[in-house]
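The file model.pdb comes next; it holds PDB, C-alpha atoms.
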ATOM      1  CA  MET A1385     -28.287   3.868 -29.410
ATOM      2  CA  SER A1386     -25.753   1.299 -28.140
ATOM      3  CA  LYS A1387     -26.036  -1.098 -25.238
ATOM      4  CA  SER A1388     -23.088  -2.017 -22.992
ATOM      5  CA  LYS A1389     -22.765  -4.875 -20.508
ATOM      6  CA  LEU A1390     -21.131  -3.806 -17.234
ATOM      7  CA  GLU A1391     -20.093  -6.762 -15.095
ATOM      8  CA  TYR A1392     -19.950  -5.513 -11.480
ATOM      9  CA  ILE A1393     -17.533  -7.630  -9.421
ATOM     10  CA  TRP A1394     -17.368  -7.523  -5.626
ATOM     11  CA  LEU A1395     -16.239  -9.555  -2.612
ATOM     12  CA  ASP A1396     -18.827 -11.189  -0.381
ATOM     13  CA  GLY A1397     -18.904 -11.395   3.403
ATOM     14  CA  TYR A1398     -17.768 -14.972   3.934
ATOM     15  CA  VAL A1399     -14.947 -15.261   6.480
ATOM     16  CA  PRO A1400     -12.107 -15.876   6.613
ATOM     17  CA  THR A1401     -12.076 -16.361   2.824
ATOM     18  CA  ALA A1402     -14.213 -14.040   0.702
ATOM     19  CA  ASN A1403     -15.658 -15.137  -2.626
ATOM     20  CA  MET A1404     -16.102 -13.120  -5.781
ATOM     21  CA  ARG A1405     -19.653 -12.279  -6.839
ATOM     22  CA  SER A1406     -20.748 -10.534 -10.029
ATOM     23  CA  LYS A1407     -23.796  -9.459 -11.963
ATOM     24  CA  THR A1408     -24.423  -7.610 -15.210
ATOM     25  CA  LYS A1409     -25.884  -4.139 -15.627
ATOM     26  CA  ILE A1410     -26.986  -2.988 -19.093
ATOM     27  CA  GLU A1411     -26.268   0.675 -19.811
ATOM     28  CA  THR A1412     -27.271   2.735 -22.846
ATOM     29  CA  ASP A1413     -24.644   4.822 -24.677
ATOM     30  CA  PHE A1414     -22.066   4.134 -21.985
ATOM     31  CA  SER A1415     -18.858   6.171 -22.257
ATOM     32  CA  GLY A1416     -16.541   3.451 -20.954
ATOM     33  CA  LYS A1417     -15.320   5.745 -18.164
ATOM     34  CA  LEU A1418     -15.253   4.890 -14.472
ATOM     35  CA  GLU A1419     -16.939   8.145 -13.495
ATOM     36  CA  ASP A1420     -19.951   7.207 -15.587
ATOM     37  CA  CYS A1421     -20.448   3.821 -13.885
ATOM     38  CA  PRO A1422     -23.522   4.256 -11.690
ATOM     39  CA  LEU A1423     -23.765   3.235  -8.063
ATOM     40  CA  TRP A1424     -25.644  -0.076  -7.849
ATOM     41  CA  ALA A1425     -27.081  -2.343  -5.164
ATOM     42  CA  PHE A1426     -27.442  -6.031  -4.347
ATOM     43  CA  ASP A1427     -29.062  -8.369  -1.844
ATOM     44  CA  GLY A1428     -26.555  -8.546   0.985
ATOM     45  CA  SER A1429     -28.604 -11.173   2.827
ATOM     46  CA  SER A1430     -27.551 -13.667   0.131
ATOM     47  CA  THR A1431     -23.834 -12.943   0.516
ATOM     48  CA  GLN A1432     -23.362 -12.830   4.318
ATOM     49  CA  GLN A1433     -23.324  -9.030   4.218
ATOM     50  CA  ALA A1434     -26.770  -8.029   5.534
ATOM     51  CA  GLU A1435     -29.885  -9.274   7.299
ATOM     52  CA  GLY A1436     -33.042 -10.051   5.352
ATOM     53  CA  GLY A1437     -34.981  -7.233   6.965
ATOM     54  CA  SER A1438     -32.521  -4.618   5.733
ATOM     55  CA  SER A1439     -30.721  -6.367   2.916
ATOM     56  CA  ASP A1440     -29.583  -3.664   0.489
ATOM     57  CA  CYS A1441     -25.830  -3.130   0.106
ATOM     58  CA  LEU A1442     -24.314  -0.663  -2.331
ATOM     59  CA  LEU A1443     -21.714  -1.273  -5.036
ATOM     60  CA  LYS A1444     -19.318   1.613  -5.597
ATOM     61  CA  PRO A1445     -17.308   1.257  -8.841
ATOM     62  CA  VAL A1446     -13.572   1.744  -8.227
ATOM     63  CA  ALA A1447     -11.908   0.360 -11.382
ATOM     64  CA  ILE A1448     -12.988  -0.484 -14.906
ATOM     65  CA  PHE A1449     -11.493  -2.621 -17.658
ATOM     66  CA  PRO A1450     -12.765  -3.676 -21.085
ATOM     67  CA  ASP A1451     -14.153  -7.212 -21.082
ATOM     68  CA  PRO A1452     -12.415  -8.994 -23.986
ATOM     69  CA  ALA A1453     -14.779 -11.970 -23.893
ATOM     70  CA  ARG A1454     -18.059 -10.076 -24.268
ATOM     71  CA  LYS A1455     -19.307  -7.772 -26.976
ATOM     72  CA  ASN A1456     -19.599  -4.208 -25.624
ATOM     73  CA  GLY A1457     -18.556  -5.512 -22.239
ATOM     74  CA  TYR A1458     -16.757  -4.005 -19.269
ATOM     75  CA  LEU A1459     -15.419  -5.408 -16.015
ATOM     76  CA  VAL A1460     -16.213  -3.109 -13.094
ATOM     77  CA  MET A1461     -14.481  -3.767  -9.778
ATOM     78  CA  ALA A1462     -16.619  -2.440  -6.940
ATOM     79  CA  GLU A1463     -16.361  -1.791  -3.232
ATOM     80  CA  VAL A1464     -19.231  -2.752  -0.939
ATOM     81  CA  LEU A1465     -20.841   0.060   1.029
ATOM     82  CA  ASN A1466     -23.547   0.133   3.652
ATOM     83  CA  ALA A1467     -26.853   1.744   2.764
ATOM     84  CA  ASP A1468     -25.643   5.007   4.333
ATOM     85  CA  GLY A1469     -22.583   5.124   2.054
ATOM     86  CA  THR A1470     -19.994   4.080   4.629
ATOM     87  CA  ALA A1471     -17.582   1.233   3.959
ATOM     88  CA  HIS A1472     -19.037  -2.187   4.770
ATOM     89  CA  GLU A1473     -17.098  -4.195   7.346
ATOM     90  CA  SER A1474     -16.191  -6.672   4.580
ATOM     91  CA  ASN A1475     -14.698  -3.895   2.449
ATOM     92  CA  SER A1476     -10.995  -4.705   2.782
ATOM     93  CA  ARG A1477     -10.016  -2.291   0.002
ATOM     94  CA  ALA A1478     -11.119   0.642   2.158
ATOM     95  CA  THR A1479      -8.542  -0.296   4.829
ATOM     96  CA  ILE A1480      -5.529   0.438   2.594
ATOM     97  CA  ASP A1481      -3.564   3.521   3.706
ATOM     98  CA  ASP A1482      -1.882   4.475   0.436
ATOM     99  CA  GLU A1483      -3.688   7.523  -0.899
ATOM    100  CA  ASN A1484      -0.643   8.830  -2.793
ATOM    101  CA  ASP A1485       0.102   5.433  -4.422
ATOM    102  CA  ASP A1486       3.630   5.468  -3.012
ATOM    103  CA  PHE A1487       3.518   1.703  -2.565
ATOM    104  CA  TRP A1488       4.011  -0.584  -5.566
ATOM    105  CA  PHE A1489       3.025  -4.239  -5.474
ATOM    106  CA  GLY A1490       3.830  -7.203  -7.674
ATOM    107  CA  PHE A1491       1.765 -10.257  -6.772
ATOM    108  CA  GLU A1492       2.727 -13.771  -7.862
ATOM    109  CA  GLN A1493      -0.537 -15.714  -7.931
ATOM    110  CA  GLU A1494      -0.143 -19.492  -7.762
ATOM    111  CA  TYR A1495      -3.045 -21.908  -8.223
ATOM    112  CA  PHE A1496      -3.985 -25.454  -9.224
ATOM    113  CA  ILE A1497      -6.169 -26.256 -12.239
ATOM    114  CA  MET A1498      -8.666 -28.902 -11.147
ATOM    115  CA  ASP A1499     -10.769 -31.301 -13.215
ATOM    116  CA  THR A1500     -14.434 -31.058 -12.150
ATOM    117  CA  HIS A1501     -15.003 -34.770 -12.871
ATOM    118  CA  THR A1502     -12.042 -36.239 -10.989
ATOM    119  CA  GLN A1503     -11.733 -33.421  -8.401
ATOM    120  CA  LEU A1504      -7.965 -33.734  -8.941
ATOM    121  CA  PRO A1505      -5.320 -31.403 -10.382
ATOM    122  CA  LEU A1506      -4.661 -31.804 -14.076
ATOM    123  CA  GLY A1507      -2.173 -34.613 -14.654
ATOM    124  CA  PHE A1508      -3.223 -36.593 -11.570
ATOM    125  CA  PRO A1509      -4.593 -40.054 -12.402
ATOM    126  CA  VAL A1510      -7.666 -41.287 -10.521
ATOM    127  CA  GLY A1511      -6.593 -43.446  -7.596
ATOM    128  CA  GLY A1512      -2.905 -42.603  -7.876
ATOM    129  CA  TYR A1513      -0.241 -39.993  -8.361
ATOM    130  CA  PRO A1514       1.793 -38.687 -11.279
ATOM    131  CA  GLY A1515       5.574 -38.684 -11.208
ATOM    132  CA  PRO A1516       7.231 -36.847  -8.295
ATOM    133  CA  GLN A1517       8.067 -33.157  -8.325
ATOM    134  CA  GLY A1518      11.092 -32.066 -10.281
ATOM    135  CA  LEU A1519      10.156 -31.962 -13.964
ATOM    136  CA  TYR A1520       6.924 -29.927 -13.874
ATOM    137  CA  TYR A1521       8.402 -26.496 -13.129
ATOM    138  CA  CYS A1522       8.581 -24.442 -16.358
ATOM    139  CA  SER A1523       8.261 -27.676 -18.330
ATOM    140  CA  VAL A1524       7.270 -28.234 -21.945
ATOM    141  CA  GLY A1525       5.608 -31.273 -23.495
ATOM    142  CA  GLY A1526       2.512 -33.328 -22.807
ATOM    143  CA  ARG A1527       4.122 -35.634 -20.244
ATOM    144  CA  ASN A1528       4.725 -32.907 -17.624
ATOM    145  CA  THR A1529       2.714 -29.890 -18.811
ATOM    146  CA  HIS A1530      -1.016 -29.751 -18.191
ATOM    147  CA  GLY A1531      -3.434 -26.891 -18.858
ATOM    148  CA  ARG A1532      -1.365 -24.685 -21.149
ATOM    149  CA  GLU A1533      -4.297 -23.827 -23.441
ATOM    150  CA  LEU A1534      -6.317 -22.449 -20.531
ATOM    151  CA  VAL A1535      -3.343 -20.552 -19.134
ATOM    152  CA  ASP A1536      -2.470 -18.984 -22.496
ATOM    153  CA  ARG A1537      -6.074 -17.942 -23.093
ATOM    154  CA  HIS A1538      -6.161 -16.387 -19.632
ATOM    155  CA  ALA A1539      -2.992 -14.416 -20.351
ATOM    156  CA  ASP A1540      -4.497 -13.114 -23.599
ATOM    157  CA  LEU A1541      -7.694 -12.041 -21.840
ATOM    158  CA  CYS A1542      -5.801 -10.217 -19.092
ATOM    159  CA  ILE A1543      -3.615  -8.362 -21.593
ATOM    160  CA  GLU A1544      -6.618  -7.444 -23.751
ATOM    161  CA  ALA A1545      -8.404  -6.187 -20.639
ATOM    162  CA  GLY A1546      -5.532  -3.773 -19.990
ATOM    163  CA  LEU A1547      -4.211  -5.444 -16.846
ATOM    164  CA  ASN A1548      -0.506  -5.023 -16.181
ATOM    165  CA  PHE A1549       0.017  -8.748 -16.652
ATOM    166  CA  GLU A1550       3.704  -9.608 -16.401
ATOM    167  CA  GLY A1551       4.043 -13.328 -17.010
ATOM    168  CA  ILE A1552       3.016 -16.956 -16.550
ATOM    169  CA  ASN A1553       4.815 -20.180 -15.735
ATOM    170  CA  GLN A1554       4.015 -23.716 -14.721
ATOM    171  CA  GLU A1555       4.905 -24.225 -11.087
ATOM    172  CA  VAL A1556       6.650 -26.964  -9.136
ATOM    173  CA  ALA A1557       3.688 -29.291  -8.568
ATOM    174  CA  CYS A1558       1.781 -31.125 -11.286
ATOM    175  CA  GLY A1559      -1.166 -29.061 -12.547
ATOM    176  CA  GLN A1560       0.051 -25.951 -10.706
ATOM    177  CA  TRP A1561       0.562 -22.595 -12.450
ATOM    178  CA  GLU A1562       1.342 -18.970 -11.648
ATOM    179  CA  PHE A1563       0.689 -15.548 -13.120
ATOM    180  CA  GLN A1564       2.149 -12.216 -12.100
ATOM    181  CA  ILE A1565       0.547  -8.765 -11.854
ATOM    182  CA  PHE A1566       2.369  -5.508 -11.066
ATOM    183  CA  ALA A1567       0.794  -2.139 -10.336
ATOM    184  CA  LYS A1568       1.711   1.199  -8.836
ATOM    185  CA  GLY A1569      -0.648   1.833  -5.945
ATOM    186  CA  ALA A1570      -1.809  -0.850  -3.528
ATOM    187  CA  LYS A1571      -5.491  -0.506  -4.363
ATOM    188  CA  ASN A1572      -4.732  -0.673  -8.079
ATOM    189  CA  ALA A1573      -2.692  -3.841  -7.576
ATOM    190  CA  GLY A1574      -5.479  -5.458  -5.587
ATOM    191  CA  ASP A1575      -8.068  -4.482  -8.191
ATOM    192  CA  GLN A1576      -6.029  -6.077 -10.937
ATOM    193  CA  ILE A1577      -5.439  -9.337  -9.061
ATOM    194  CA  TRP A1578      -9.142  -9.708  -8.362
ATOM    195  CA  VAL A1579     -10.090  -8.990 -11.984
ATOM    196  CA  ALA A1580      -7.431 -11.446 -13.191
ATOM    197  CA  ARG A1581      -8.816 -14.077 -10.833
ATOM    198  CA  TYR A1582     -12.315 -13.347 -12.135
ATOM    199  CA  LEU A1583     -11.229 -13.831 -15.737
ATOM    200  CA  LEU A1584      -9.463 -17.082 -14.822
ATOM    201  CA  ASP A1585     -12.407 -18.486 -12.888
ATOM    202  CA  ARG A1586     -14.890 -17.547 -15.611
ATOM    203  CA  LEU A1587     -12.694 -19.095 -18.291
ATOM    204  CA  THR A1588     -12.711 -22.488 -16.551
ATOM    205  CA  GLU A1589     -16.441 -22.740 -17.335
ATOM    206  CA  ASP A1590     -15.444 -23.499 -20.953
ATOM    207  CA  TYR A1591     -13.272 -26.464 -19.977
ATOM    208  CA  GLY A1592     -14.917 -28.402 -17.189
ATOM    209  CA  TYR A1593     -12.202 -27.190 -14.831
ATOM    210  CA  TYR A1594     -12.144 -25.067 -11.703
ATOM    211  CA  ILE A1595      -9.371 -23.151  -9.968
ATOM    212  CA  GLU A1596      -8.213 -24.286  -6.545
ATOM    213  CA  TYR A1597      -6.771 -21.471  -4.437
ATOM    214  CA  HIS A1598      -6.358 -23.610  -1.310
ATOM    215  CA  PRO A1599      -2.699 -23.213  -0.271
ATOM    216  CA  LYS A1600      -2.160 -26.965   0.173
ATOM    217  CA  PRO A1601      -4.779 -28.929  -1.778
ATOM    218  CA  ILE A1602      -2.504 -31.953  -2.300
ATOM    219  CA  LYS A1603      -0.981 -33.261   0.912
ATOM    220  CA  GLY A1604       2.438 -34.828   1.114
ATOM    221  CA  ASP A1605       5.579 -34.025  -0.840
ATOM    222  CA  TRP A1606       3.979 -31.427  -3.116
ATOM    223  CA  ASN A1607       4.485 -27.682  -3.123
ATOM    224  CA  GLY A1608       1.661 -25.539  -1.833
ATOM    225  CA  SER A1609       0.386 -22.382  -3.509
ATOM    226  CA  GLY A1610       1.207 -18.856  -2.421
ATOM    227  CA  MET A1611       0.594 -15.310  -3.525
ATOM    228  CA  HIS A1612       4.045 -13.843  -2.956
ATOM    229  CA  ALA A1613       3.872 -10.093  -2.409
ATOM    230  CA  ASN A1614       6.719  -8.058  -3.892
ATOM    231  CA  PHE A1615       6.500  -4.525  -2.534
ATOM    232  CA  SER A1616       8.321  -1.221  -2.381
ATOM    233  CA  ASN A1617       7.786   2.388  -1.461
ATOM    234  CA  GLY A1618       9.814   5.479  -2.210
ATOM    235  CA  THR A1619      12.222   4.716   0.617
ATOM    236  CA  LEU A1620      12.946   1.149  -0.508
ATOM    237  CA  ARG A1621      13.330   2.235  -4.122
ATOM    238  CA  THR A1622      15.837   5.005  -3.419
ATOM    239  CA  CYS A1623      17.502   4.666   0.010
ATOM    240  CA  GLY A1624      20.656   2.809  -1.022
ATOM    241  CA  SER A1625      21.072   1.555   2.528
ATOM    242  CA  LYS A1626      21.387  -1.985   3.859
ATOM    243  CA  GLU A1627      20.581  -0.649   7.322
ATOM    244  CA  VAL A1628      17.240   0.767   6.144
ATOM    245  CA  TYR A1629      16.310  -2.557   4.584
ATOM    246  CA  GLU A1630      17.184  -4.442   7.742
ATOM    247  CA  LYS A1631      15.250  -1.950   9.879
ATOM    248  CA  ILE A1632      12.152  -2.398   7.738
ATOM    249  CA  CYS A1633      12.503  -6.189   7.745
ATOM    250  CA  GLU A1634      12.847  -6.178  11.532
ATOM    251  CA  ALA A1635       9.600  -4.201  11.790
ATOM    252  CA  PHE A1636       7.810  -7.318  10.542
ATOM    253  CA  ARG A1637       9.141  -9.569  13.313
ATOM    254  CA  PRO A1638       6.976  -8.412  16.277
ATOM    255  CA  VAL A1639       3.783  -8.386  14.186
ATOM    256  CA  THR A1640       4.177 -11.823  12.633
ATOM    257  CA  ASP A1641       0.843 -13.009  14.040
ATOM    258  CA  GLU A1642      -0.982  -9.971  12.674
ATOM    259  CA  HIS A1643       0.347 -10.723   9.194
ATOM    260  CA  ILE A1644      -0.427 -14.428   9.341
ATOM    261  CA  ALA A1645      -3.983 -13.582  10.429
ATOM    262  CA  VAL A1646      -4.697 -11.953   7.047
ATOM    263  CA  TYR A1647      -2.409 -14.056   4.842
ATOM    264  CA  GLY A1648      -4.955 -16.723   4.019
ATOM    265  CA  GLU A1649      -6.936 -19.610   5.468
ATOM    266  CA  PHE A1650      -5.189 -22.989   5.898
ATOM    267  CA  ASN A1651      -1.794 -21.329   5.453
ATOM    268  CA  ASP A1652      -0.404 -23.423   8.310
ATOM    269  CA  GLN A1653      -0.610 -26.424   5.974
ATOM    270  CA  ARG A1654       1.693 -24.639   3.512
ATOM    271  CA  LEU A1655       4.113 -22.746   5.780
ATOM    272  CA  THR A1656       5.882 -25.782   7.210
ATOM    273  CA  GLY A1657       9.507 -24.845   6.646
ATOM    274  CA  LEU A1658       9.602 -27.201   3.651
ATOM    275  CA  HIS A1659       8.890 -26.686  -0.053
ATOM    276  CA  GLU A1660      10.433 -23.209  -0.251
ATOM    277  CA  THR A1661       8.686 -21.820   2.838
ATOM    278  CA  GLN A1662       9.595 -20.672   6.316
ATOM    279  CA  SER A1663       7.645 -22.212   9.203
ATOM    280  CA  ILE A1664       4.508 -20.326  10.185
ATOM    281  CA  HIS A1665       5.936 -20.266  13.734
ATOM    282  CA  GLU A1666       9.170 -18.526  12.713
ATOM    283  CA  PHE A1667      10.185 -15.236  11.109
ATOM    284  CA  SER A1668      13.306 -14.687   9.029
ATOM    285  CA  TYR A1669      14.669 -12.647   6.167
ATOM    286  CA  GLY A1670      17.671 -13.008   3.924
ATOM    287  CA  VAL A1671      19.205 -12.146   0.586
ATOM    288  CA  SER A1672      17.979 -14.447  -2.184
ATOM    289  CA  ASP A1673      16.522 -16.826   0.439
ATOM    290  CA  ARG A1674      13.330 -18.526  -0.757
ATOM    291  CA  GLY A1675      13.094 -20.349   2.536
ATOM    292  CA  ALA A1676      12.770 -17.078   4.447
ATOM    293  CA  SER A1677       9.627 -15.215   5.451
ATOM    294  CA  ILE A1678      10.877 -12.168   3.551
ATOM    295  CA  ARG A1679      13.340 -12.465   0.696
ATOM    296  CA  ILE A1680      15.652  -9.594  -0.194
ATOM    297  CA  PRO A1681      16.057  -9.999  -3.969
ATOM    298  CA  ILE A1682      19.624 -10.195  -5.236
ATOM    299  CA  LEU A1683      18.827  -7.461  -7.775
ATOM    300  CA  THR A1684      18.005  -5.098  -4.910
ATOM    301  CA  VAL A1685      21.461  -5.676  -3.445
ATOM    302  CA  GLU A1686      23.234  -5.426  -6.798
ATOM    303  CA  ARG A1687      21.538  -2.092  -7.448
ATOM    304  CA  GLY A1688      23.028  -0.691  -4.270
ATOM    305  CA  TRP A1689      20.141  -1.512  -1.944
ATOM    306  CA  LYS A1690      17.578   0.209  -4.130
ATOM    307  CA  GLY A1691      14.615  -1.961  -5.044
ATOM    308  CA  TRP A1692      11.991  -4.036  -3.278
ATOM    309  CA  LEU A1693      11.238  -6.839  -0.826
ATOM    310  CA  GLU A1694       9.267 -10.053  -1.251
ATOM    311  CA  ASP A1695       6.971 -11.332   1.486
ATOM    312  CA  ARG A1696       6.688 -15.037   0.682
ATOM    313  CA  ARG A1697       4.096 -15.876   3.335
ATOM    314  CA  PRO A1698       0.734 -14.845   1.781
ATOM    315  CA  ALA A1699      -1.263 -17.883   0.663
ATOM    316  CA  SER A1700      -2.814 -18.271  -2.765
ATOM    317  CA  ASN A1701      -6.289 -17.675  -1.298
ATOM    318  CA  ALA A1702      -5.320 -14.457   0.500
ATOM    319  CA  ASP A1703      -7.123 -11.191  -0.189
ATOM    320  CA  PRO A1704      -4.555  -8.887  -1.859
ATOM    321  CA  TYR A1705      -6.261  -5.855  -0.326
ATOM    322  CA  LYS A1706      -5.741  -7.226   3.197
ATOM    323  CA  VAL A1707      -2.172  -8.282   2.419
ATOM    324  CA  ALA A1708      -1.270  -4.861   1.047
ATOM    325  CA  ALA A1709      -2.954  -3.003   3.902
ATOM    326  CA  ARG A1710      -1.013  -4.970   6.514
ATOM    327  CA  ILE A1711       2.335  -4.656   4.722
ATOM    328  CA  ILE A1712       1.901  -0.901   4.348
ATOM    329  CA  GLN A1713       1.048  -0.542   8.032
ATOM    330  CA  THR A1714       4.173  -2.432   9.062
ATOM    331  CA  VAL A1715       6.536  -0.640   6.666
ATOM    332  CA  LYS A1716       5.240   2.734   7.842
ATOM    333  CA  SER A1717       5.868   1.708  11.452
ATOM    334  CA  ALA A1718       9.622   1.341  10.827
ATOM    335  CA  ASP A1719      11.503   4.415  12.056
ATOM    336  CA  VAL A1720      14.087   4.874   9.310
ATOM    337  CA  GLU A1721      14.249   8.667   9.035
ATOM    338  CA  ALA A1722      17.575   8.855  10.841
ATOM    339  CA  LEU A1723      19.058   6.277   8.446
ATOM    340  CA  VAL A1724      17.953   7.868   5.174
TER     341      VAL A1724
END

Any chance you could give the structure as structure tokens?
Amino acid sequence: MSKSKLEYIWLDGYVPTANMRSKTKIETDFSGKLEDCPLWAFDGSSTQQAEGGSSDCLLKPVAIFPDPARKNGYLVMAEVLNADGTAHESNSRATIDDENDDFWFGFEQEYFIMDTHTQLPLGFPVGGYPGPQGLYYCSVGGRNTHGRELVDRHADLCIEAGLNFEGINQEVACGQWEFQIFAKGAKNAGDQIWVARYLLDRLTEDYGYYIEYHPKPIKGDWNGSGMHANFSNGTLRTCGSKEVYEKICEAFRPVTDEHIAVYGEFNDQRLTGLHETQSIHEFSYGVSDRGASIRIPILTVERGWKGWLEDRRPASNADPYKVAARIIQTVKSADVEALV
């Protein structure tokens, strides 16, 4: 008789920025399969998801990964349901309209590693600043590189967990890093980002660090943090048409406010038109333009307009489920049938 530890992970009801919550369920002779993960419950009155008089919320398992840091452990991503089995209003995953997994997403998750004692990014001296931006991006060596051990351990954990982890690099600001996740299917991509974030946050407990997802934690001449969303569907991957790409990009223009509304709290502090961003008050797109709202990658053009687009506006603290749901809605609204 074997015992397995199933770590159920879900998003709470705090707005506008949800937090991850998790708790462990011990199962006997567990198969390791998603279909054998039981429905579970939690106290929603402690997570802004229910009132005390009727506090039970349900956890519906939607994805499972081996937990490389725990013996006989599994990471179970779960959706939150009401007691009657309907999707809870905080359940952003349930809003994604991509049942056939036609949409593929590659998220670039930026973040700062913070020291719990100084409350500053790694590399920042107390009462002052490190050297200016310029030498931190993709750097090597102890003068400009801070936190590599944590970042490498996180990469190993994600790969061992079976996430489609595609890379890491130090970012432009001191103490700032990025990892990339790609998945076919919007819900799958969101699941994997949240599990990767969970593994990163849990790992910081070993170091006296914490992860800062605020899009502009250090004011002044420092880059903010985003969660760039690279996306495609069957049309973008195969159309071979500049006109189709421009039509889809233009579909984003009239719904700029709707996108910004779900692209992360405090994003106005990051989207200033500086530091590789477009202003939050403007919308633009362009080939290989990292100062645009949407970048058309040069590889897409070189492959004969067959590829993907990158929405550079989502903030590092954005919910990937909400980002994907909104992008899918906008892409589907573009009338491109006559151009394909």

Problem set entry | Contacts of Ala1557 (chain A) within 9 Å, all atoms listed in the file, excl. fewer than 6 positions in-chain, as a PyMOL selection string | chain A and resi 1496+1516-1521+1606-1608

Could you save those same residues with C-alpha atoms as a PDB file, in the frame of the given file?
ATOM      1  CA  PHE A1496      -3.985 -25.454  -9.224  1.00  0.00           C
ATOM      2  CA  PRO A1516       7.231 -36.847  -8.295  1.00  0.00           C
ATOM      3  CA  GLN A1517       8.067 -33.157  -8.325  1.00  0.00           C
ATOM      4  CA  GLY A1518      11.092 -32.066 -10.281  1.00  0.00           C
ATOM      5  CA  LEU A1519      10.156 -31.962 -13.964  1.00  0.00           C
ATOM      6  CA  TYR A1520       6.924 -29.927 -13.874  1.00  0.00           C
ATOM      7  CA  TYR A1521       8.402 -26.496 -13.129  1.00  0.00           C
ATOM      8  CA  TRP A1606       3.979 -31.427  -3.116  1.00  0.00           C
ATOM      9  CA  ASN A1607       4.485 -27.682  -3.123  1.00  0.00           C
ATOM     10  CA  GLY A1608       1.661 -25.539  -1.833  1.00  0.00           C
TER      11      GLY A1608
END

Exercise. Can you list what the PyMOL selection byres ((chain A and resi 1527) around 12) grabs from this structure, as a list in words?
Worked result: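 Selection result, ordered by chain and number: Leu1506, Gly1507, Phe1508, Pro1514, Gly1515, Leu1519, Tyr1520, Ser1523, Val1524, Gly1525, Gly1526, Asn1528, Thr1529, His1530, Gly1531, Cys1558 and Gly1559 of chain A.
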
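Proximity to Glu1562 (chain A) at 6 Å, evaluated using all atoms listed in the file and with sequence-adjacent residues fewer than 6 positions away removed, yields Gln1493, Glu1494, Ile1552 and Asn1553 of chain A.
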
Problem set entry | Polymer residues at most 10 Å from Gly1428 (chain A), all atoms listed in the file, same-chain spacing of 3 or more positions, as a PyMOL selection string | chain A and resi 1396-1397+1425+1431-1436+1438-1442+1464+1466

Exercise. Between A:Gly1604, A:Gly1490, A:Pro1638, A:Pro1450, which has the minimum distance to Asp1695 (chain A) (counting only C-alpha atoms)?
Worked result: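 So, comparing all the options, the nearest one is A:Gly1490.
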
For this session: Please identify all polymer residues within 12 Å of region 1655-1658 of chain A, counting only C-alpha atoms, omitting same-chain residues fewer than 4 positions from it, and present them as a PyMOL selection string.
Result: chain A and resi 1599-1600+1603-1610+1644+1647-1651+1662-1668+1674-1677+1696-1700

For this session: Please provide the set of residues having any atom within 7 Å of Tyr1593 (chain A), restricted to all atoms listed in the file, with same-chain residues fewer than 5 positions apart removed, written as number ranges by chain.
Result: A: 1497-1500, 1588

Exercise. Of the residues A:Pro1681, A:Gly1688, A:Gly1670, A:Pro1445, which is the one nearest to Ser1625 (chain A), using all atoms listed in the file?
Worked result: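 Ranking A:Pro1681, A:Gly1688, A:Gly1670, A:Pro1445 by distance to Ser1625 (chain A), first place goes to A:Gly1688.
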
Selection result of the PyMOL selection byres ((chain A and resi 1632) around 12) on this file, as a JSON list (two decimals) with C-alpha atoms, in the frame of the given file:
[["chain", "number", "residue", "atom", "x", "y", "z"],
["A", 1615, "PHE", "CA", 6.50, -4.53, -2.53],
["A", 1616, "SER", "CA", 8.32, -1.22, -2.38],
["A", 1617, "ASN", "CA", 7.79, 2.39, -1.46],
["A", 1619, "THR", "CA", 12.22, 4.72, 0.62],
["A", 1620, "LEU", "CA", 12.95, 1.15, -0.51],
["A", 1623, "CYS", "CA", 17.50, 4.67, 0.01],
["A", 1625, "SER", "CA", 21.07, 1.56, 2.53],
["A", 1626, "LYS", "CA", 21.39, -1.98, 3.86],
["A", 1627, "GLU", "CA", 20.58, -0.65, 7.32],
["A", 1628, "VAL", "CA", 17.24, 0.77, 6.14],
["A", 1629, "TYR", "CA", 16.31, -2.56, 4.58],
["A", 1630, "GLU", "CA", 17.18, -4.44, 7.74],
["A", 1631, "LYS", "CA", 15.25, -1.95, 9.88],
["A", 1633, "CYS", "CA", 12.50, -6.19, 7.74],
["A", 1634, "GLU", "CA", 12.85, -6.18, 11.53],
["A", 1635, "ALA", "CA", 9.60, -4.20, 11.79],
["A", 1636, "PHE", "CA", 7.81, -7.32, 10.54],
["A", 1637, "ARG", "CA", 9.14, -9.57, 13.31],
["A", 1638, "PRO", "CA", 6.98, -8.41, 16.28],
["A", 1669, "TYR", "CA", 14.67, -12.65, 6.17],
["A", 1678, "ILE", "CA", 10.88, -12.17, 3.55],
["A", 1680, "ILE", "CA", 15.65, -9.59, -0.19],
["A", 1692, "TRP", "CA", 11.99, -4.04, -3.28],
["A", 1693, "LEU", "CA", 11.24, -6.84, -0.83],
["A", 1711, "ILE", "CA", 2.34, -4.66, 4.72],
["A", 1712, "ILE", "CA", 1.90, -0.90, 4.35],
["A", 1713, "GLN", "CA", 1.05, -0.54, 8.03],
["A", 1714, "THR", "CA", 4.17, -2.43, 9.06],
["A", 1715, "VAL", "CA", 6.54, -0.64, 6.67],
["A", 1716, "LYS", "CA", 5.24, 2.73, 7.84],
["A", 1717, "SER", "CA", 5.87, 1.71, 11.45],
["A", 1718, "ALA", "CA", 9.62, 1.34, 10.83],
["A", 1719, "ASP", "CA", 11.50, 4.42, 12.06],
["A", 1720, "VAL", "CA", 14.09, 4.87, 9.31],
["A", 1721, "GLU", "CA", 14.25, 8.67, 9.04],
["A", 1723, "LEU", "CA", 19.06, 6.28, 8.45]]

Problem set entry | Selected residue of minimal separation from Gly1551 (chain A) among A:Val1510, A:Val1707, A:Ala1478, A:Val1535, counting only C-alpha atoms |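 Of A:Val1510, A:Val1707, A:Ala1478, A:Val1535, the one nearest Gly1551 (chain A) is A:Val1535, counting only C-alpha atoms.
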